[in-house]
Amino acid sequence: MTRGVFLFLLCLLCAGLTKAQTIAVRAGNLIDPANGSVAKNQIILVRDHKIVGVGADLPIPPDAQVVDLSHSWVMPGIMDAHTHITEGDLKYITDQNWYLRESTGLRSLRGLHGSQVLLNRGITTIRDAGNDANFAAVDLRKAIDAGWFVGPTVLTAGKAIAPFGGQNRDVPQEIGSIWHFEYYDGDSPNEIRKAVRENIFYGADFIKLVADNSDYHFSLEEIRAAVEETHHAGRAVAVHVLGGEAAQNAIAGGVDSIEHGFFLSDDQLRLMKESGIVLVGTDFPTAHLETGQFPDSQATGAAILDRLRRAYRIGVKMGFGTDAVTDMPNETRADMTWDYLAVWRAAGVPPAEILKCMTTNDAELLRISKQRGAIATGLYADIIAMPENPLENIEALRKIDFVMKNGMIVRRPQ
Ligand SMILES: [Zn+2]
């Protein structure tokens, strides 16, 4: 036996002898966001990154590390189904061509910083909706998954697929297709199929279409090609669309989620409900719109609030997503996330429903509900807690003071 083989076998033996420690979380008030119920005085047992038991009378192993949250409100980690974690410096927000200002490497590091800020405040899963230079969010996901850094679960769209020109305007022809840093052009069903495959090859977890950011938009035939190709690859299609015929095509084409949809009609919302299409409304607070993304922030803010109110009344399945693209002065992305709560409150959505959108619904949309989104045996231990009851006052989320990610304690009450 060589020395190398001997050491290898010794390591295997040691690994076998080193039993993973159990963490026992005493949860005074355990919220199940799937139905808004609260179970009192529960024990959550965590081992090897996962939840291995939940119940009132579970015996705690004598060598377990006990975490006392008996006075807290405990629930699964929050998800953001629409963010842009690798964007971007506020001073460039008017043109949003961050890829002309910052390298893909810097964008990955920016994404790492932002994702750790979010995780520390209880946002344990993010879905990056594209605009990440040359796959910066894919690299971010790989680095976190490899265990090099602590961060949230990251799912990414890679490059968005749009009709010619991406989301750019006013680019002189002689400059060339600079938007290819962040977009694939898709100007026929076949081009879209190719873009879907290429994007997945380079690491996309889902496909993001930008349907109507130009004077032209995707046809029904093009949407169907994207949906068919993406679903064949076991992934979901998210579509940036505001309303009108482009939204009609997206809904009829069977996409998985409509992103934004600020001007969806009641009929379109009803069609979405019937088809099980999720609305990720990215319901911006007006103050965020004033950073320069929209020309008339007051009118846009009012339209968003009205659409959210109608969507809730009609009963469309909704996911929570922010569309945060940059830090605002004196606010982190986490602070900005909680700013959206005011819009949901103003639209009359009850706290229990908001929590469901942020966990259960997002997990289903992200196709990870067998891994995350609930506190149940067999799922990864993404657990948060706060001192006040978010079912009574949803703003309690701002006070999240315990965060566990994949069974590791990231933050605990001071
Ligand atoms: Zn977006």
# chains A, B, ... in the order shown; residues from 1 in each chain; ligands from 1
call {"tool": "residues_near_ligand", "arguments": {"ligand": "ligand 1", "cutoff": "8 Å", "atoms": "only C-alpha atoms and all ligand atoms", "output": "VMD selection string"}}
result
chain A and resid 82 to 84 129 to 130 240 259 323 to 325
call {"tool": "write_last_selection", "arguments": {"atoms": "N, CA, C and O atoms", "output": "PDB file, in the first residue's frame"}}
result
ATOM      1  N   HIS A  82     -37.089  37.594  -8.617  1.00  0.00           N
ATOM      2  CA  HIS A  82     -36.669  38.450  -9.745  1.00  0.00           C
ATOM      3  C   HIS A  82     -35.717  39.523  -9.226  1.00  0.00           C
ATOM      4  O   HIS A  82     -36.142  40.548  -8.691  1.00  0.00           O
ATOM      5  N   THR A  83     -34.449  39.247  -9.373  1.00  0.00           N
ATOM      6  CA  THR A  83     -33.488  40.286  -9.019  1.00  0.00           C
ATOM      7  C   THR A  83     -32.384  40.305 -10.064  1.00  0.00           C
ATOM      8  O   THR A  83     -32.347  39.466 -10.971  1.00  0.00           O
ATOM      9  N   HIS A  84     -31.519  41.301  -9.948  1.00  0.00           N
ATOM     10  CA  HIS A  84     -30.367  41.417 -10.858  1.00  0.00           C
ATOM     11  C   HIS A  84     -29.167  41.673  -9.955  1.00  0.00           C
ATOM     12  O   HIS A  84     -28.761  42.809  -9.753  1.00  0.00           O
ATOM     13  N   ALA A 129     -32.565  37.422 -12.803  1.00  0.00           N
ATOM     14  CA  ALA A 129     -33.333  37.478 -14.058  1.00  0.00           C
ATOM     15  C   ALA A 129     -32.521  38.035 -15.220  1.00  0.00           C
ATOM     16  O   ALA A 129     -33.037  38.737 -16.082  1.00  0.00           O
ATOM     17  N   GLY A 130     -31.229  37.745 -15.249  1.00  0.00           N
ATOM     18  CA  GLY A 130     -30.412  38.149 -16.383  1.00  0.00           C
ATOM     19  C   GLY A 130     -29.716  39.472 -16.178  1.00  0.00           C
ATOM     20  O   GLY A 130     -29.698  40.014 -15.074  1.00  0.00           O
ATOM     21  N   HIS A 240     -40.450  38.975 -19.380  1.00  0.00           N
ATOM     22  CA  HIS A 240     -40.623  40.406 -19.141  1.00  0.00           C
ATOM     23  C   HIS A 240     -41.645  40.913 -20.143  1.00  0.00           C
ATOM     24  O   HIS A 240     -41.411  40.854 -21.358  1.00  0.00           O
ATOM     25  N   GLU A 259     -43.363  38.510 -15.802  1.00  0.00           N
ATOM     26  CA  GLU A 259     -42.593  39.401 -14.932  1.00  0.00           C
ATOM     27  C   GLU A 259     -43.029  40.850 -15.212  1.00  0.00           C
ATOM     28  O   GLU A 259     -43.138  41.246 -16.370  1.00  0.00           O
ATOM     29  N   ASP A 323     -37.002  42.912  -8.667  1.00  0.00           N
ATOM     30  CA  ASP A 323     -36.368  43.566  -9.816  1.00  0.00           C
ATOM     31  C   ASP A 323     -35.367  44.622  -9.352  1.00  0.00           C
ATOM     32  O   ASP A 323     -35.152  45.626 -10.034  1.00  0.00           O
ATOM     33  N   ALA A 324     -34.769  44.423  -8.195  1.00  0.00           N
ATOM     34  CA  ALA A 324     -33.744  45.363  -7.728  1.00  0.00           C
ATOM     35  C   ALA A 324     -32.541  45.293  -8.669  1.00  0.00           C
ATOM     36  O   ALA A 324     -32.041  44.214  -8.965  1.00  0.00           O
ATOM     37  N   VAL A 325     -32.118  46.447  -9.143  1.00  0.00           N
ATOM     38  CA  VAL A 325     -30.972  46.459 -10.051  1.00  0.00           C
ATOM     39  C   VAL A 325     -29.783  47.223  -9.481  1.00  0.00           C
ATOM     40  O   VAL A 325     -28.687  47.168 -10.029  1.00  0.00           O
TER      41      VAL A 325
END
call {"tool": "atom_distance", "arguments": {"atom1": "atom CA of A:Arg26", "atom2": "atom CA of A:Val154"}}
result
28.1 Å
call {"tool": "closest_residue", "arguments": {"among": "A:Gly315, A:Gly276, A:Pro387, A:Pro350", "to": "A:Ala252", "atoms": "only C-alpha atoms"}}
result
A:Gly276
call {"tool": "closest_residue", "arguments": {"among": "A:His232, A:Lys142, A:Lys40, A:Lys317", "to": "A:Gly203", "atoms": "only C-alpha atoms"}}
result
A:Lys142
call {"tool": "select_by_dssp", "arguments": {"residues": "stretch 127-294 of chain A", "states": "strand (DSSP E)", "output": "VMD selection string"}}
result
chain A and resid 127 to 128 153 to 156 160 to 162 183 to 185 207 to 210 237 to 241 257 to 260 278 to 280
call {"tool": "closest_residue", "arguments": {"among": "A:Lys194, A:Arg127, A:Arg412, A:Arg141", "to": "A:Arg367", "atoms": "only C-alpha atoms"}}
result
A:Arg127
call {"tool": "closest_residue", "arguments": {"among": "A:Lys370, A:His231, A:Lys399, A:Arg333", "to": "A:His113", "atoms": "only C-alpha atoms"}}
result
A:Arg333
call {"tool": "residues_around", "arguments": {"residues": "A:Ser72", "least_positions_apart": "4", "cutoff": "7 Å", "atoms": "only C-alpha atoms", "output": "ChimeraX atom specification"}}
result
/A:27-29,385-388
call {"tool": "atom_distance", "arguments": {"atom1": "atom CA of A:Gln298", "atom2": "atom CA of A:Thr286"}}
result
6.3 Å
call {"tool": "residues_around", "arguments": {"residues": "A:Val38", "least_positions_apart": "3", "cutoff": "10 Å", "atoms": "only C-alpha atoms", "output": "ChimeraX atom specification"}}
result
/A:28-33,35,41-42,73-75,391
call {"tool": "write_last_selection", "arguments": {"atoms": "N, CA and C atoms", "output": "PDB file, in the first residue's frame"}}
result
ATOM      1  N   GLY A  28     -40.550  28.713  19.150  1.00  0.00           N
ATOM      2  CA  GLY A  28     -41.735  29.027  19.959  1.00  0.00           C
ATOM      3  C   GLY A  28     -42.991  29.144  19.114  1.00  0.00           C
ATOM      4  N   ASN A  29     -42.832  29.754  17.934  1.00  0.00           N
ATOM      5  CA  ASN A  29     -43.967  29.955  17.018  1.00  0.00           C
ATOM      6  C   ASN A  29     -43.491  29.613  15.614  1.00  0.00           C
ATOM      7  N   LEU A  30     -43.892  28.464  15.111  1.00  0.00           N
ATOM      8  CA  LEU A  30     -43.422  28.015  13.798  1.00  0.00           C
ATOM      9  C   LEU A  30     -44.518  28.278  12.759  1.00  0.00           C
ATOM     10  N   ILE A  31     -44.205  29.178  11.833  1.00  0.00           N
ATOM     11  CA  ILE A  31     -45.183  29.566  10.801  1.00  0.00           C
ATOM     12  C   ILE A  31     -45.055  28.629   9.605  1.00  0.00           C
ATOM     13  N   ASP A  32     -46.196  28.128   9.139  1.00  0.00           N
ATOM     14  CA  ASP A  32     -46.232  27.406   7.867  1.00  0.00           C
ATOM     15  C   ASP A  32     -46.850  28.332   6.832  1.00  0.00           C
ATOM     16  N   PRO A  33     -46.035  28.948   5.986  1.00  0.00           N
ATOM     17  CA  PRO A  33     -46.577  29.953   5.058  1.00  0.00           C
ATOM     18  C   PRO A  33     -47.476  29.362   3.981  1.00  0.00           C
ATOM     19  N   ASN A  35     -50.060  27.707   4.471  1.00  0.00           N
ATOM     20  CA  ASN A  35     -51.467  27.861   4.878  1.00  0.00           C
ATOM     21  C   ASN A  35     -51.672  28.912   5.976  1.00  0.00           C
ATOM     22  N   ASN A  41     -44.308  25.881  20.064  1.00  0.00           N
ATOM     23  CA  ASN A  41     -43.293  25.082  20.761  1.00  0.00           C
ATOM     24  C   ASN A  41     -42.875  23.820  19.996  1.00  0.00           C
ATOM     25  N   GLN A  42     -42.326  24.067  18.831  1.00  0.00           N
ATOM     26  CA  GLN A  42     -41.855  22.982  17.968  1.00  0.00           C
ATOM     27  C   GLN A  42     -40.344  22.796  18.108  1.00  0.00           C
ATOM     28  N   TRP A  73     -40.559  34.103  16.123  1.00  0.00           N
ATOM     29  CA  TRP A  73     -41.436  33.626  15.052  1.00  0.00           C
ATOM     30  C   TRP A  73     -40.534  33.072  13.969  1.00  0.00           C
ATOM     31  N   VAL A  74     -40.715  31.801  13.704  1.00  0.00           N
ATOM     32  CA  VAL A  74     -39.771  31.051  12.873  1.00  0.00           C
ATOM     33  C   VAL A  74     -40.477  30.631  11.576  1.00  0.00           C
ATOM     34  N   MET A  75     -39.766  30.720  10.474  1.00  0.00           N
ATOM     35  CA  MET A  75     -40.370  30.341   9.176  1.00  0.00           C
ATOM     36  C   MET A  75     -39.262  30.012   8.179  1.00  0.00           C
ATOM     37  N   LEU A 391     -47.342  37.642  10.732  1.00  0.00           N
ATOM     38  CA  LEU A 391     -48.726  37.427  10.313  1.00  0.00           C
ATOM     39  C   LEU A 391     -49.627  38.564  10.799  1.00  0.00           C
TER      40      LEU A 391
END
call {"tool": "closest_residue", "arguments": {"among": "A:Tyr340, A:Asp335, A:Lys273, A:Met318", "to": "A:Leu289", "atoms": "only C-alpha atoms"}}
result
A:Tyr340
call {"tool": "select_by_dssp", "arguments": {"residues": "stretch 228-289 of chain A", "states": "alpha helix (DSSP H)", "output": "number ranges by chain"}}
result
A: 228-232, 244-252, 266-275, 286-289
call {"tool": "write_last_selection", "arguments": {"atoms": "N, CA and C atoms", "output": "compact mmCIF listing (two decimals), in the first residue's frame"}}
result
# COMPACT_ATOMS: atom_id res chain seq x y z
N GLU A 228 -41.56 25.48 -25.67
CA GLU A 228 -41.35 24.06 -25.99
C GLU A 228 -39.89 23.66 -25.74
N GLU A 229 -38.97 24.47 -26.25
CA GLU A 229 -37.55 24.14 -26.13
C GLU A 229 -37.11 24.16 -24.66
N THR A 230 -37.59 25.14 -23.92
CA THR A 230 -37.17 25.29 -22.51
C THR A 230 -37.77 24.17 -21.65
N HIS A 231 -39.04 23.88 -21.88
CA HIS A 231 -39.67 22.81 -21.09
C HIS A 231 -39.05 21.46 -21.39
N HIS A 232 -38.64 21.25 -22.66
CA HIS A 232 -37.94 20.00 -22.98
C HIS A 232 -36.68 19.84 -22.14
N GLY A 244 -50.74 44.39 -23.12
CA GLY A 244 -51.09 44.44 -24.53
C GLY A 244 -50.94 43.11 -25.25
N GLU A 245 -50.76 43.19 -26.57
CA GLU A 245 -50.71 41.98 -27.39
C GLU A 245 -49.51 41.10 -27.02
N ALA A 246 -48.40 41.74 -26.65
CA ALA A 246 -47.22 40.96 -26.27
C ALA A 246 -47.54 40.06 -25.07
N ALA A 247 -48.29 40.61 -24.11
CA ALA A 247 -48.68 39.81 -22.94
C ALA A 247 -49.66 38.71 -23.35
N GLN A 248 -50.55 39.07 -24.26
CA GLN A 248 -51.52 38.08 -24.74
C GLN A 248 -50.80 36.88 -25.35
N ASN A 249 -49.77 37.16 -26.16
CA ASN A 249 -49.00 36.08 -26.78
C ASN A 249 -48.28 35.24 -25.73
N ALA A 250 -47.72 35.92 -24.73
CA ALA A 250 -46.99 35.19 -23.68
C ALA A 250 -47.93 34.26 -22.91
N ILE A 251 -49.10 34.78 -22.60
CA ILE A 251 -50.07 33.97 -21.84
C ILE A 251 -50.56 32.79 -22.69
N ALA A 252 -50.93 33.09 -23.94
CA ALA A 252 -51.42 32.02 -24.84
C ALA A 252 -50.32 31.01 -25.15
N ASP A 266 -57.80 42.96 -16.71
CA ASP A 266 -58.46 41.95 -15.88
C ASP A 266 -58.64 40.64 -16.64
N ASP A 267 -58.98 40.74 -17.93
CA ASP A 267 -59.15 39.52 -18.74
C ASP A 267 -57.83 38.74 -18.81
N GLN A 268 -56.75 39.45 -18.98
CA GLN A 268 -55.45 38.76 -19.05
C GLN A 268 -55.10 38.12 -17.71
N LEU A 269 -55.42 38.81 -16.62
CA LEU A 269 -55.16 38.24 -15.30
C LEU A 269 -56.01 36.98 -15.08
N ARG A 270 -57.25 37.03 -15.55
CA ARG A 270 -58.11 35.84 -15.42
C ARG A 270 -57.55 34.67 -16.24
N LEU A 271 -57.08 34.98 -17.45
CA LEU A 271 -56.47 33.93 -18.28
C LEU A 271 -55.25 33.32 -17.59
N MET A 272 -54.47 34.17 -16.96
CA MET A 272 -53.29 33.68 -16.23
C MET A 272 -53.71 32.75 -15.10
N LYS A 273 -54.76 33.15 -14.39
CA LYS A 273 -55.25 32.32 -13.29
C LYS A 273 -55.68 30.95 -13.82
N GLU A 274 -56.45 30.96 -14.91
CA GLU A 274 -56.93 29.68 -15.48
C GLU A 274 -55.78 28.81 -15.95
N SER A 275 -54.72 29.45 -16.48
CA SER A 275 -53.60 28.68 -17.04
C SER A 275 -52.54 28.35 -15.99
N THR A 286 -42.87 53.63 -5.31
CA THR A 286 -42.64 54.79 -6.20
C THR A 286 -41.26 55.40 -5.98
N ALA A 287 -40.80 55.42 -4.74
CA ALA A 287 -39.49 56.02 -4.47
C ALA A 287 -38.38 55.30 -5.23
N HIS A 288 -38.52 53.99 -5.43
CA HIS A 288 -37.50 53.25 -6.18
C HIS A 288 -37.55 53.61 -7.66
N LEU A 289 -38.76 53.87 -8.15
CA LEU A 289 -38.89 54.21 -9.57
C LEU A 289 -38.20 55.53 -9.87
call {"tool": "closest_residue", "arguments": {"among": "A:Val280, A:Val196, A:Val52, A:Ala64", "to": "A:Asp362", "atoms": "only C-alpha atoms"}}
result
A:Val280
call {"tool": "closest_atom_pairs", "arguments": {"of": "stretch 167-281 of chain A", "to": "stretch 87-106 of chain A", "cutoff": "9 Å", "atoms": "only C-alpha atoms", "output": "Markdown table"}}
result
| residue | atom | partner | partner_atom | distance |
| --- | --- | --- | --- | --- |
| A:Asn168 | CA | A:Asn97 | CA | 8.4 |
| A:Ile178 | CA | A:Leu100 | CA | 8.6 |
| A:Trp179 | CA | A:Asn97 | CA | 8.2 |
| A:Phe181 | CA | A:Tyr99 | CA | 6.8 |
| A:Glu182 | CA | A:Tyr99 | CA | 7.8 |
call {"tool": "residues_around", "arguments": {"residues": "A:Ala302", "least_positions_apart": "3", "cutoff": "12 Å", "atoms": "only C-alpha atoms", "output": "ChimeraX atom specification"}}
result
/A:262-263,283-287,289,296-299,305-309,343,346-347
call {"tool": "write_last_selection", "arguments": {"atoms": "N, CA, C and O atoms", "output": "PDB file, in the first residue's frame"}}
result
ATOM      1  N   PHE A 262     -47.235  45.317 -15.621  1.00  0.00           N
ATOM      2  CA  PHE A 262     -47.829  46.479 -14.961  1.00  0.00           C
ATOM      3  C   PHE A 262     -49.185  46.870 -15.557  1.00  0.00           C
ATOM      4  O   PHE A 262     -50.026  47.450 -14.884  1.00  0.00           O
ATOM      5  N   PHE A 263     -49.375  46.564 -16.851  1.00  0.00           N
ATOM      6  CA  PHE A 263     -50.596  47.039 -17.516  1.00  0.00           C
ATOM      7  C   PHE A 263     -51.488  45.887 -17.986  1.00  0.00           C
ATOM      8  O   PHE A 263     -52.242  46.028 -18.941  1.00  0.00           O
ATOM      9  N   ASP A 283     -43.386  44.730  -7.816  1.00  0.00           N
ATOM     10  CA  ASP A 283     -44.259  45.867  -7.522  1.00  0.00           C
ATOM     11  C   ASP A 283     -43.489  46.995  -6.831  1.00  0.00           C
ATOM     12  O   ASP A 283     -43.519  47.153  -5.608  1.00  0.00           O
ATOM     13  N   PHE A 284     -42.836  47.773  -7.656  1.00  0.00           N
ATOM     14  CA  PHE A 284     -41.921  48.820  -7.173  1.00  0.00           C
ATOM     15  C   PHE A 284     -42.604  49.854  -6.286  1.00  0.00           C
ATOM     16  O   PHE A 284     -43.657  50.395  -6.662  1.00  0.00           O
ATOM     17  N   PRO A 285     -41.989  50.195  -5.167  1.00  0.00           N
ATOM     18  CA  PRO A 285     -42.404  51.416  -4.470  1.00  0.00           C
ATOM     19  C   PRO A 285     -42.047  52.615  -5.355  1.00  0.00           C
ATOM     20  O   PRO A 285     -41.030  52.586  -6.056  1.00  0.00           O
ATOM     21  N   THR A 286     -42.866  53.631  -5.314  1.00  0.00           N
ATOM     22  CA  THR A 286     -42.645  54.789  -6.196  1.00  0.00           C
ATOM     23  C   THR A 286     -41.257  55.400  -5.985  1.00  0.00           C
ATOM     24  O   THR A 286     -40.600  55.812  -6.939  1.00  0.00           O
ATOM     25  N   ALA A 287     -40.798  55.425  -4.739  1.00  0.00           N
ATOM     26  CA  ALA A 287     -39.486  56.017  -4.465  1.00  0.00           C
ATOM     27  C   ALA A 287     -38.379  55.299  -5.233  1.00  0.00           C
ATOM     28  O   ALA A 287     -37.401  55.921  -5.660  1.00  0.00           O
ATOM     29  N   LEU A 289     -38.758  53.865  -8.151  1.00  0.00           N
ATOM     30  CA  LEU A 289     -38.894  54.213  -9.572  1.00  0.00           C
ATOM     31  C   LEU A 289     -38.204  55.533  -9.874  1.00  0.00           C
ATOM     32  O   LEU A 289     -37.805  55.787 -11.003  1.00  0.00           O
ATOM     33  N   ASP A 296     -42.075  58.436 -15.811  1.00  0.00           N
ATOM     34  CA  ASP A 296     -43.112  59.032 -14.961  1.00  0.00           C
ATOM     35  C   ASP A 296     -43.353  58.112 -13.762  1.00  0.00           C
ATOM     36  O   ASP A 296     -44.199  57.220 -13.808  1.00  0.00           O
ATOM     37  N   SER A 297     -42.585  58.340 -12.704  1.00  0.00           N
ATOM     38  CA  SER A 297     -42.607  57.403 -11.580  1.00  0.00           C
ATOM     39  C   SER A 297     -43.954  57.403 -10.846  1.00  0.00           C
ATOM     40  O   SER A 297     -44.423  56.356 -10.414  1.00  0.00           O
ATOM     41  N   GLN A 298     -44.583  58.565 -10.733  1.00  0.00           N
ATOM     42  CA  GLN A 298     -45.861  58.629 -10.012  1.00  0.00           C
ATOM     43  C   GLN A 298     -46.932  57.800 -10.726  1.00  0.00           C
ATOM     44  O   GLN A 298     -47.625  56.981 -10.115  1.00  0.00           O
ATOM     45  N   ALA A 299     -47.052  57.996 -12.041  1.00  0.00           N
ATOM     46  CA  ALA A 299     -48.079  57.280 -12.806  1.00  0.00           C
ATOM     47  C   ALA A 299     -47.767  55.783 -12.837  1.00  0.00           C
ATOM     48  O   ALA A 299     -48.676  54.948 -12.704  1.00  0.00           O
ATOM     49  N   LEU A 305     -49.626  49.598  -8.359  1.00  0.00           N
ATOM     50  CA  LEU A 305     -50.477  49.336  -7.197  1.00  0.00           C
ATOM     51  C   LEU A 305     -51.859  48.850  -7.638  1.00  0.00           C
ATOM     52  O   LEU A 305     -52.397  47.874  -7.086  1.00  0.00           O
ATOM     53  N   ASP A 306     -52.415  49.493  -8.657  1.00  0.00           N
ATOM     54  CA  ASP A 306     -53.735  49.103  -9.166  1.00  0.00           C
ATOM     55  C   ASP A 306     -53.700  47.675  -9.709  1.00  0.00           C
ATOM     56  O   ASP A 306     -54.598  46.871  -9.432  1.00  0.00           O
ATOM     57  N   ARG A 307     -52.644  47.323 -10.449  1.00  0.00           N
ATOM     58  CA  ARG A 307     -52.548  45.974 -11.015  1.00  0.00           C
ATOM     59  C   ARG A 307     -52.376  44.920  -9.927  1.00  0.00           C
ATOM     60  O   ARG A 307     -52.970  43.840  -9.977  1.00  0.00           O
ATOM     61  N   LEU A 308     -51.603  45.243  -8.887  1.00  0.00           N
ATOM     62  CA  LEU A 308     -51.430  44.289  -7.784  1.00  0.00           C
ATOM     63  C   LEU A 308     -52.764  44.060  -7.066  1.00  0.00           C
ATOM     64  O   LEU A 308     -53.124  42.921  -6.732  1.00  0.00           O
ATOM     65  N   ARG A 309     -53.486  45.151  -6.866  1.00  0.00           N
ATOM     66  CA  ARG A 309     -54.807  45.042  -6.199  1.00  0.00           C
ATOM     67  C   ARG A 309     -55.738  44.153  -7.026  1.00  0.00           C
ATOM     68  O   ARG A 309     -56.397  43.255  -6.504  1.00  0.00           O
ATOM     69  N   VAL A 343     -46.148  48.436  -0.616  1.00  0.00           N
ATOM     70  CA  VAL A 343     -47.006  48.370  -1.805  1.00  0.00           C
ATOM     71  C   VAL A 343     -48.008  47.220  -1.653  1.00  0.00           C
ATOM     72  O   VAL A 343     -49.200  47.367  -1.931  1.00  0.00           O
ATOM     73  N   ALA A 346     -50.616  48.220   0.789  1.00  0.00           N
ATOM     74  CA  ALA A 346     -51.536  49.202   0.206  1.00  0.00           C
ATOM     75  C   ALA A 346     -52.516  48.537  -0.762  1.00  0.00           C
ATOM     76  O   ALA A 346     -53.643  49.009  -0.935  1.00  0.00           O
ATOM     77  N   ALA A 347     -52.088  47.442  -1.382  1.00  0.00           N
ATOM     78  CA  ALA A 347     -52.964  46.730  -2.330  1.00  0.00           C
ATOM     79  C   ALA A 347     -53.949  45.816  -1.615  1.00  0.00           C
ATOM     80  O   ALA A 347     -54.773  45.166  -2.261  1.00  0.00           O
TER      81      ALA A 347
END
